[in-house]
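Text of the file target-v1.pdb, holding PDB, C-alpha atoms and all ligand atoms:
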```pdb
ATOM      1  CA  MET A   1      29.438 -63.594 -18.315  1.00  0.00           C
ATOM      2  CA  HIS A   2      32.508 -65.820 -17.813  1.00  0.00           C
ATOM      3  CA  ASP A   3      34.439 -63.928 -20.515  1.00  0.00           C
ATOM      4  CA  ILE A   4      33.537 -60.432 -19.273  1.00  0.00           C
ATOM      5  CA  GLY A   5      37.270 -59.824 -18.822  1.00  0.00           C
ATOM      6  CA  ARG A   6      37.694 -59.916 -22.616  1.00  0.00           C
ATOM      7  CA  PHE A   7      35.009 -57.246 -23.002  1.00  0.00           C
ATOM      8  CA  VAL A   8      36.594 -55.089 -20.290  1.00  0.00           C
ATOM      9  CA  LEU A   9      39.973 -55.413 -21.991  1.00  0.00           C
ATOM     10  CA  PHE A  10      38.427 -54.541 -25.355  1.00  0.00           C
ATOM     11  CA  ASP A  11      36.822 -51.448 -23.820  1.00  0.00           C
ATOM     12  CA  ALA A  12      39.972 -50.354 -21.959  1.00  0.00           C
ATOM     13  CA  ASP A  13      42.653 -51.206 -24.511  1.00  0.00           C
ATOM     14  CA  PRO A  14      41.514 -52.771 -27.794  1.00  0.00           C
ATOM     15  CA  GLU A  15      45.059 -52.715 -29.204  1.00  0.00           C
ATOM     16  CA  GLU A  16      46.242 -55.033 -26.438  1.00  0.00           C
ATOM     17  CA  LEU A  17      43.319 -57.366 -27.117  1.00  0.00           C
ATOM     18  CA  ASN A  18      44.225 -57.325 -30.816  1.00  0.00           C
ATOM     19  CA  LYS A  19      47.810 -58.278 -29.970  1.00  0.00           C
ATOM     20  CA  VAL A  20      46.502 -61.290 -28.071  1.00  0.00           C
ATOM     21  CA  ASP A  21      44.148 -62.276 -30.876  1.00  0.00           C
ATOM     22  CA  ASP A  22      46.880 -61.780 -33.488  1.00  0.00           C
ATOM     23  CA  SER A  23      49.140 -64.179 -31.576  1.00  0.00           C
ATOM     24  CA  GLY A  24      47.417 -67.064 -33.339  1.00  0.00           C
ATOM     25  CA  TRP A  25      45.854 -68.826 -30.357  1.00  0.00           C
ATOM     26  CA  ALA A  26      43.745 -71.799 -31.398  1.00  0.00           C
ATOM     27  CA  THR A  27      42.317 -73.162 -28.157  1.00  0.00           C
ATOM     28  CA  PRO A  28      41.034 -71.552 -24.953  1.00  0.00           C
ATOM     29  CA  GLU A  29      44.164 -72.821 -23.203  1.00  0.00           C
ATOM     30  CA  ASP A  30      46.333 -71.097 -25.842  1.00  0.00           C
ATOM     31  CA  LEU A  31      44.352 -67.879 -25.335  1.00  0.00           C
ATOM     32  CA  VAL A  32      45.061 -67.780 -21.609  1.00  0.00           C
ATOM     33  CA  GLU A  33      48.733 -68.542 -22.207  1.00  0.00           C
ATOM     34  CA  ALA A  34      48.970 -65.761 -24.826  1.00  0.00           C
ATOM     35  CA  GLU A  35      47.296 -63.281 -22.457  1.00  0.00           C
ATOM     36  CA  ARG A  36      49.644 -64.180 -19.622  1.00  0.00           C
ATOM     37  CA  ASP A  37      52.672 -63.867 -21.932  1.00  0.00           C
ATOM     38  CA  LEU A  38      51.631 -60.579 -23.564  1.00  0.00           C
ATOM     39  CA  LEU A  39      49.707 -58.839 -20.773  1.00  0.00           C
ATOM     40  CA  GLY A  40      50.963 -60.424 -17.596  1.00  0.00           C
ATOM     41  CA  PHE A  41      47.450 -61.522 -16.627  1.00  0.00           C
ATOM     42  CA  ASP A  42      44.526 -63.342 -18.217  1.00  0.00           C
ATOM     43  CA  HIS A  43      40.905 -62.382 -18.860  1.00  0.00           C
ATOM     44  CA  ALA A  44      39.619 -64.750 -16.158  1.00  0.00           C
ATOM     45  CA  ALA A  45      41.652 -62.979 -13.478  1.00  0.00           C
ATOM     46  CA  LEU A  46      40.469 -59.608 -14.814  1.00  0.00           C
ATOM     47  CA  ALA A  47      36.878 -60.845 -14.863  1.00  0.00           C
ATOM     48  CA  TRP A  48      37.165 -61.913 -11.235  1.00  0.00           C
ATOM     49  CA  LEU A  49      38.189 -58.350 -10.302  1.00  0.00           C
ATOM     50  CA  VAL A  50      35.185 -57.038 -12.213  1.00  0.00           C
ATOM     51  CA  CYS A  51      32.923 -59.465 -10.353  1.00  0.00           C
ATOM     52  CA  GLN A  52      34.367 -58.295  -7.048  1.00  0.00           C
ATOM     53  CA  HIS A  53      33.832 -54.655  -8.042  1.00  0.00           C
ATOM     54  CA  TRP A  54      30.219 -55.403  -9.015  1.00  0.00           C
ATOM     55  CA  CYS A  55      29.602 -57.461  -5.835  1.00  0.00           C
ATOM     56  CA  ILE A  56      28.732 -60.563  -7.835  1.00  0.00           C
ATOM     57  CA  PRO A  57      28.125 -63.450  -5.404  1.00  0.00           C
ATOM     58  CA  ASP A  58      31.183 -65.600  -4.660  1.00  0.00           C
ATOM     59  CA  HIS A  59      29.685 -68.787  -6.123  1.00  0.00           C
ATOM     60  CA  VAL A  60      29.424 -67.030  -9.509  1.00  0.00           C
ATOM     61  CA  SER A  61      32.620 -64.963  -9.388  1.00  0.00           C
ATOM     62  CA  GLU A  62      34.695 -68.026  -8.439  1.00  0.00           C
ATOM     63  CA  ILE A  63      33.394 -69.876 -11.507  1.00  0.00           C
ATOM     64  CA  VAL A  64      34.294 -66.840 -13.645  1.00  0.00           C
ATOM     65  CA  ARG A  65      37.783 -66.719 -12.089  1.00  0.00           C
ATOM     66  CA  ASP A  66      38.419 -70.461 -12.494  1.00  0.00           C
ATOM     67  CA  HIS A  67      36.819 -71.172 -15.865  1.00  0.00           C
ATOM     68  CA  HIS A  68      40.210 -71.808 -17.497  1.00  0.00           C
ATOM     69  CA  GLU A  69      41.599 -73.976 -14.714  1.00  0.00           C
ATOM     70  CA  TYR A  70      41.857 -77.272 -16.580  1.00  0.00           C
ATOM     71  CA  GLU A  71      44.044 -79.247 -14.249  1.00  0.00           C
ATOM     72  CA  GLU A  72      42.448 -78.318 -10.937  1.00  0.00           C
ATOM     73  CA  ASP A  73      40.868 -81.292  -9.265  1.00  0.00           C
ATOM     74  CA  CYS A  74      40.373 -82.964 -12.612  1.00  0.00           C
ATOM     75  CA  ALA A  75      39.652 -86.402 -11.202  1.00  0.00           C
ATOM     76  CA  SER A  76      36.671 -85.144  -9.234  1.00  0.00           C
ATOM     77  CA  ARG A  77      35.019 -83.114 -11.980  1.00  0.00           C
ATOM     78  CA  ASP A  78      31.583 -84.342 -10.998  1.00  0.00           C
ATOM     79  CA  ALA A  79      32.085 -83.742  -7.282  1.00  0.00           C
ATOM     80  CA  ASP A  80      30.261 -80.432  -6.968  1.00  0.00           C
ATOM     81  CA  THR A  81      28.212 -77.878  -8.824  1.00  0.00           C
ATOM     82  CA  LYS A  82      31.104 -75.460  -9.316  1.00  0.00           C
ATOM     83  CA  THR A  83      33.336 -77.974 -11.085  1.00  0.00           C
ATOM     84  CA  ARG A  84      30.421 -79.218 -13.201  1.00  0.00           C
ATOM     85  CA  VAL A  85      29.538 -75.656 -14.287  1.00  0.00           C
ATOM     86  CA  ILE A  86      33.195 -74.962 -15.079  1.00  0.00           C
ATOM     87  CA  GLY A  87      33.258 -78.169 -17.133  1.00  0.00           C
ATOM     88  CA  ILE A  88      30.207 -77.028 -19.110  1.00  0.00           C
ATOM     89  CA  ILE A  89      31.850 -73.640 -19.779  1.00  0.00           C
ATOM     90  CA  GLN A  90      35.049 -75.369 -20.903  1.00  0.00           C
ATOM     91  CA  ILE A  91      33.119 -77.632 -23.274  1.00  0.00           C
ATOM     92  CA  ALA A  92      31.271 -74.598 -24.667  1.00  0.00           C
ATOM     93  CA  ASP A  93      34.571 -72.755 -25.150  1.00  0.00           C
ATOM     94  CA  LEU A  94      36.089 -75.735 -26.940  1.00  0.00           C
ATOM     95  CA  LEU A  95      32.956 -76.225 -29.043  1.00  0.00           C
ATOM     96  CA  SER A  96      33.104 -72.588 -30.158  1.00  0.00           C
ATOM     97  CA  THR A  97      36.799 -72.744 -31.131  1.00  0.00           C
ATOM     98  CA  SER A  98      37.001 -76.300 -32.468  1.00  0.00           C
ATOM     99  CA  GLY A  99      35.325 -75.705 -35.824  1.00  0.00           C
ATOM    100  CA  ILE A 100      32.625 -78.266 -35.015  1.00  0.00           C
ATOM    101  CA  LEU A 101      29.780 -75.753 -35.298  1.00  0.00           C
ATOM    102  CA  GLN A 102      30.908 -74.937 -38.835  1.00  0.00           C
ATOM    103  CA  GLU A 103      30.648 -78.671 -39.602  1.00  0.00           C
ATOM    104  CA  THR A 104      27.094 -78.983 -38.298  1.00  0.00           C
ATOM    105  CA  GLY A 105      25.289 -79.033 -41.637  1.00  0.00           C
ATOM    106  CA  LYS A 106      27.839 -81.360 -43.220  1.00  0.00           C
ATOM    107  CA  ARG A 107      28.061 -84.072 -40.544  1.00  0.00           C
ATOM    108  CA  THR A 108      25.719 -86.592 -38.994  1.00  0.00           C
ATOM    109  CA  GLU A 109      24.974 -86.377 -35.280  1.00  0.00           C
ATOM    110  CA  GLN A 110      27.119 -89.474 -34.793  1.00  0.00           C
ATOM    111  CA  GLU A 111      30.079 -87.783 -36.502  1.00  0.00           C
ATOM    112  CA  LEU A 112      29.528 -84.595 -34.483  1.00  0.00           C
ATOM    113  CA  SER A 113      29.397 -86.651 -31.296  1.00  0.00           C
ATOM    114  CA  ARG A 114      32.738 -88.261 -32.185  1.00  0.00           C
ATOM    115  CA  LEU A 115      34.298 -84.828 -32.921  1.00  0.00           C
ATOM    116  CA  ILE A 116      32.966 -83.452 -29.634  1.00  0.00           C
ATOM    117  CA  THR A 117      34.478 -86.395 -27.775  1.00  0.00           C
ATOM    118  CA  GLU A 118      37.831 -85.881 -29.515  1.00  0.00           C
ATOM    119  CA  ARG A 119      38.039 -82.094 -29.377  1.00  0.00           C
ATOM    120  CA  CYS A 120      35.911 -80.870 -26.477  1.00  0.00           C
ATOM    121  CA  LEU A 121      36.262 -83.343 -23.631  1.00  0.00           C
ATOM    122  CA  HIS A 122      39.316 -83.427 -21.426  1.00  0.00           C
ATOM    123  CA  PRO A 123      40.736 -86.952 -21.212  1.00  0.00           C
ATOM    124  CA  CYS A 124      40.684 -86.939 -17.412  1.00  0.00           C
ATOM    125  CA  TRP A 125      36.921 -86.424 -17.197  1.00  0.00           C
ATOM    126  CA  LEU A 126      35.387 -89.677 -16.062  1.00  0.00           C
ATOM    127  CA  ASN A 127      31.860 -88.286 -16.320  1.00  0.00           C
ATOM    128  CA  PRO A 128      31.615 -85.308 -18.684  1.00  0.00           C
ATOM    129  CA  PRO A 129      29.087 -82.704 -17.541  1.00  0.00           C
ATOM    130  CA  ILE A 130      27.149 -83.261 -20.773  1.00  0.00           C
ATOM    131  CA  GLU A 131      27.042 -86.322 -22.990  1.00  0.00           C
ATOM    132  CA  PRO A 132      28.624 -85.721 -26.428  1.00  0.00           C
ATOM    133  CA  ARG A 133      25.625 -87.327 -28.174  1.00  0.00           C
ATOM    134  CA  ARG A 134      23.232 -84.937 -26.410  1.00  0.00           C
ATOM    135  CA  LEU A 135      25.404 -81.941 -27.320  1.00  0.00           C
ATOM    136  CA  ALA A 136      25.683 -83.148 -30.935  1.00  0.00           C
ATOM    137  CA  ALA A 137      21.891 -83.188 -31.153  1.00  0.00           C
ATOM    138  CA  SER A 138      21.878 -79.501 -30.180  1.00  0.00           C
ATOM    139  CA  CYS A 139      24.682 -78.349 -32.496  1.00  0.00           C
ATOM    140  CA  ALA A 140      22.384 -77.156 -35.283  1.00  0.00           C
ATOM    141  CA  GLU A 141      20.375 -75.026 -32.871  1.00  0.00           C
ATOM    142  CA  ILE A 142      23.550 -73.693 -31.188  1.00  0.00           C
ATOM    143  CA  ALA A 143      25.033 -72.805 -34.592  1.00  0.00           C
ATOM    144  CA  GLU A 144      21.827 -71.053 -35.653  1.00  0.00           C
ATOM    145  CA  GLU A 145      21.580 -69.037 -32.416  1.00  0.00           C
ATOM    146  CA  SER A 146      25.300 -68.193 -32.586  1.00  0.00           C
ATOM    147  CA  GLN A 147      24.866 -66.924 -36.131  1.00  0.00           C
ATOM    148  CA  LYS A 148      21.953 -64.714 -35.033  1.00  0.00           C
ATOM    149  CA  LEU A 149      24.138 -63.205 -32.295  1.00  0.00           C
ATOM    150  CA  ILE A 150      27.059 -62.686 -34.688  1.00  0.00           C
ATOM    151  CA  ASP A 151      24.766 -60.992 -37.197  1.00  0.00           C
ATOM    152  CA  GLY A 152      23.091 -58.933 -34.467  1.00  0.00           C
ATOM    153  CA  LEU A 153      26.445 -57.707 -33.165  1.00  0.00           C
ATOM    154  CA  GLY A 154      27.657 -56.880 -36.682  1.00  0.00           C
ATOM    155  CA  LEU A 155      30.507 -59.388 -36.536  1.00  0.00           C
ATOM    156  CA  GLY A 156      29.582 -60.804 -39.930  1.00  0.00           C
ATOM    157  CA  ALA A 157      32.928 -62.369 -40.907  1.00  0.00           C
ATOM    158  CA  THR A 158      32.250 -65.543 -38.936  1.00  0.00           C
ATOM    159  CA  THR A 159      29.657 -67.983 -40.210  1.00  0.00           C
ATOM    160  CA  PHE A 160      28.347 -70.998 -38.358  1.00  0.00           C
ATOM    161  CA  CYS A 161      25.435 -71.903 -40.607  1.00  0.00           C
TER     162      CYS A 161
HETATM  163 FE    FE B   1      37.456 -67.473 -21.020  1.00  0.00          FE
END
```
Could you take the file, read its structure, and then write that structure out as structure tokens?
Ligand SMILES: [Fe+2]
Amino acid sequence: MHDIGRFVLFDADPEELNKVDDSGWATPEDLVEAERDLLGFDHAALAWLVCQHWCIPDHVSEIVRDHHEYEEDCASRDADTKTRVIGIIQIADLLSTSGILQETGKRTEQELSRLITERCLHPCWLNPPIEPRRLAASCAEIAEESQKLIDGLGLGATTFC
């Protein structure tokens, strides 16, 4: 749901979405920057408008709107549910773009945990919303489920397993 703005953009103007994707972004932060540079807005802002149009409750639509706000209130990441949920979304985004899921079958859980710590946790998080070791233990299942979705959607070029 948090990336519904990307789907709306794909439906409304797939060429513009392709321009963003062809810009070579590598991280979720790069993606937002590329969208702002090329489109003048980002998918999170678009998604917030969609949520408003669909009368999605504020506590959900605000998470959708803010899911790429990395600097906001970073020191108090564990202060409330909203910031913890945003942290989980950010870790999931980084996990999906970091290449770690493709490494799942080739690495031990300890190695995956180290990669998650290096690539998916923001340095300012005193208490990450999920422990890297716990996430590493779920990587194989996440990769398998992701592959099923990719296959089901006919997006076969990407392989996680
Ligand atoms: Fe996003």
Name the residues, by chain letter and number, that sit within 8 Å of ligand FE 1 (chain B) using only C-alpha atoms and all ligand atoms, and give them as a PDB file with C-alpha atoms, keeping the file's coordinate frame.
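Output contents, as saved in part-v3.pdb:
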```
ATOM      1  CA  HIS A   2      32.508 -65.820 -17.813  1.00  0.00           C
ATOM      2  CA  ASP A   3      34.439 -63.928 -20.515  1.00  0.00           C
ATOM      3  CA  GLY A   5      37.270 -59.824 -18.822  1.00  0.00           C
ATOM      4  CA  ARG A   6      37.694 -59.916 -22.616  1.00  0.00           C
ATOM      5  CA  PRO A  28      41.034 -71.552 -24.953  1.00  0.00           C
ATOM      6  CA  VAL A  32      45.061 -67.780 -21.609  1.00  0.00           C
ATOM      7  CA  HIS A  43      40.905 -62.382 -18.860  1.00  0.00           C
ATOM      8  CA  ALA A  44      39.619 -64.750 -16.158  1.00  0.00           C
ATOM      9  CA  HIS A  67      36.819 -71.172 -15.865  1.00  0.00           C
ATOM     10  CA  HIS A  68      40.210 -71.808 -17.497  1.00  0.00           C
ATOM     11  CA  ASP A  93      34.571 -72.755 -25.150  1.00  0.00           C
TER      12      ASP A  93
END
```
If the PyMOL selection byres (((chain A and resi 38) around 10) and not hetatm) is run on the structure shown, which residues does it catch, given as a count of residues only? 15
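Take CA of Ile130 (chain A) and CA of Gly99 (chain A): the distance between them is 18.7 Å.
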Residues selected by the PyMOL selection byres (((chain A and resi 119) around 12) and not hetatm), written as a ChimeraX atom specification: /A:26-28,90-101,112-118,120-123,132
Selection export as a CSV table (one decimal), in the frame of the given file, atoms kept: C-alpha atoms:
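Saved file result-v7.csv follows:
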```csv
chain,number,residue,atom,x,y,z
A,26,ALA,CA,43.7,-71.8,-31.4
A,27,THR,CA,42.3,-73.2,-28.2
A,28,PRO,CA,41.0,-71.6,-25.0
A,90,GLN,CA,35.0,-75.4,-20.9
A,91,ILE,CA,33.1,-77.6,-23.3
A,92,ALA,CA,31.3,-74.6,-24.7
A,93,ASP,CA,34.6,-72.8,-25.2
A,94,LEU,CA,36.1,-75.7,-26.9
A,95,LEU,CA,33.0,-76.2,-29.0
A,96,SER,CA,33.1,-72.6,-30.2
A,97,THR,CA,36.8,-72.7,-31.1
A,98,SER,CA,37.0,-76.3,-32.5
A,99,GLY,CA,35.3,-75.7,-35.8
A,100,ILE,CA,32.6,-78.3,-35.0
A,101,LEU,CA,29.8,-75.8,-35.3
A,112,LEU,CA,29.5,-84.6,-34.5
A,113,SER,CA,29.4,-86.7,-31.3
A,114,ARG,CA,32.7,-88.3,-32.2
A,115,LEU,CA,34.3,-84.8,-32.9
A,116,ILE,CA,33.0,-83.5,-29.6
A,117,THR,CA,34.5,-86.4,-27.8
A,118,GLU,CA,37.8,-85.9,-29.5
A,120,CYS,CA,35.9,-80.9,-26.5
A,121,LEU,CA,36.3,-83.3,-23.6
A,122,HIS,CA,39.3,-83.4,-21.4
A,123,PRO,CA,40.7,-87.0,-21.2
A,132,PRO,CA,28.6,-85.7,-26.4
```
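Evaluated against this file, the PyMOL selection byres (((chain A and resi 85) around 12) and not hetatm) yields A:His2, A:His59, A:Val60, A:Glu62, A:Ile63, A:Val64, A:Asp66, A:His67, A:His68, A:Arg77, A:Asp78, A:Ala79, A:Asp80, A:Thr81, A:Lys82, A:Thr83, A:Arg84, A:Ile86, A:Gly87, A:Ile88, A:Ile89, A:Gln90, A:Ile91, A:Ala92, A:Pro128, A:Pro129, A:Ile130.
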What separation in Å, quoted to one decimal, exists between CA of Phe10 (chain A) and CA of Gly24 (chain A)? 17.4 Å
Exercise on region 14-32 of chain A, axis-aligned box with 6 Å per side, report centre and edge lengths in Å to one decimal, as JSON:
```
{"center_x": 45.1, "center_y": -62.9, "center_z": -27.5, "size_x": 20.1, "size_y": 32.4, "size_z": 23.9}
```
Report the distance between CA of Arg65 (chain A) and CA of Ala47 (chain A) in Å, rounded to one decimal place.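 A separation of 6.6 Å between them.
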Of the candidates A:Leu31, A:Leu126, A:Cys55, A:Leu46, which one gets nearest to Ala12 (chain A) if we count all atoms listed in the file?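 Comparing A:Leu31, A:Leu126, A:Cys55, A:Leu46 against Ala12 (chain A), the winner is A:Leu46.
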Residues at most 10 Å from region 102-105 of chain A, counting all atoms listed in the file, excluding those fewer than 4 positions away in the same chain, as a PyMOL selection string? chain A and resi 96-98+109+111-112+115+136-144+158-161
Block slice region 82-144 of chain A, C-alpha atoms, emitted as a short mmCIF file (atom, residue, chain, number, x, y, z; two decimals), in the first residue's frame:
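Saved result, part-v1.cif, follows:
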```cif
data_model
loop_
_atom_site.label_atom_id
_atom_site.label_comp_id
_atom_site.auth_asym_id
_atom_site.auth_seq_id
_atom_site.Cartn_x
_atom_site.Cartn_y
_atom_site.Cartn_z
CA LYS A 82 3.86 5.69 13.32
CA THR A 83 7.63 6.09 13.37
CA ARG A 84 8.12 2.39 14.13
CA VAL A 85 5.89 1.38 11.19
CA ILE A 86 7.73 3.81 8.92
CA GLY A 87 11.01 2.28 10.10
CA ILE A 88 9.76 -1.21 9.22
CA ILE A 89 8.71 -0.01 5.74
CA GLN A 90 12.11 1.63 5.24
CA ILE A 91 13.92 -1.56 6.25
CA ALA A 92 11.71 -3.57 3.87
CA ASP A 93 12.44 -1.11 1.06
CA LEU A 94 16.17 -1.32 1.70
CA LEU A 95 16.03 -5.11 1.98
CA SER A 96 14.29 -5.33 -1.40
CA THR A 97 16.82 -3.06 -3.15
CA SER A 98 20.01 -4.07 -1.35
CA GLY A 99 20.58 -7.39 -3.11
CA ILE A 100 20.46 -9.25 0.21
CA LEU A 101 17.49 -11.40 -0.79
CA GLN A 102 19.44 -12.62 -3.82
CA GLU A 103 22.21 -13.67 -1.39
CA THR A 104 19.88 -15.67 0.85
CA GLY A 105 20.81 -19.14 -0.37
CA LYS A 106 24.52 -18.36 -0.46
CA ARG A 107 24.99 -16.80 2.99
CA THR A 108 24.62 -17.92 6.58
CA GLU A 109 22.08 -16.19 8.80
CA GLN A 110 24.97 -14.52 10.60
CA GLU A 111 26.29 -13.09 7.32
CA LEU A 112 22.79 -11.97 6.31
CA SER A 113 22.36 -10.30 9.69
CA ARG A 114 25.63 -8.40 9.18
CA LEU A 115 24.55 -7.30 5.67
CA ILE A 116 21.16 -6.18 7.00
CA THR A 117 22.88 -4.14 9.69
CA GLU A 118 25.21 -2.54 7.13
CA ARG A 119 22.72 -1.92 4.33
CA CYS A 120 19.24 -1.68 5.83
CA LEU A 121 19.52 0.11 9.16
CA HIS A 122 19.94 3.85 9.39
CA PRO A 123 22.90 4.74 11.61
CA CYS A 124 20.80 7.05 13.78
CA TRP A 125 18.41 4.29 14.87
CA LEU A 126 19.17 3.48 18.47
CA ASN A 127 16.58 0.70 18.55
CA PRO A 128 15.76 -0.66 15.09
CA PRO A 129 12.11 -1.67 14.72
CA ILE A 130 13.24 -5.23 13.98
CA GLU A 131 16.42 -6.99 15.02
CA PRO A 132 18.70 -7.81 12.05
CA ARG A 133 19.18 -11.39 13.32
CA ARG A 134 15.41 -11.93 13.41
CA LEU A 135 15.02 -10.51 9.89
CA ALA A 136 17.93 -12.64 8.63
CA ALA A 137 16.13 -15.74 9.89
CA SER A 138 13.15 -14.78 7.72
CA CYS A 139 15.08 -13.91 4.54
CA ALA A 140 14.62 -17.31 2.89
CA GLU A 141 10.86 -17.18 3.41
CA ILE A 142 10.69 -13.53 2.25
CA ALA A 143 12.71 -14.39 -0.88
CA GLU A 144 10.48 -17.37 -1.64
#
```
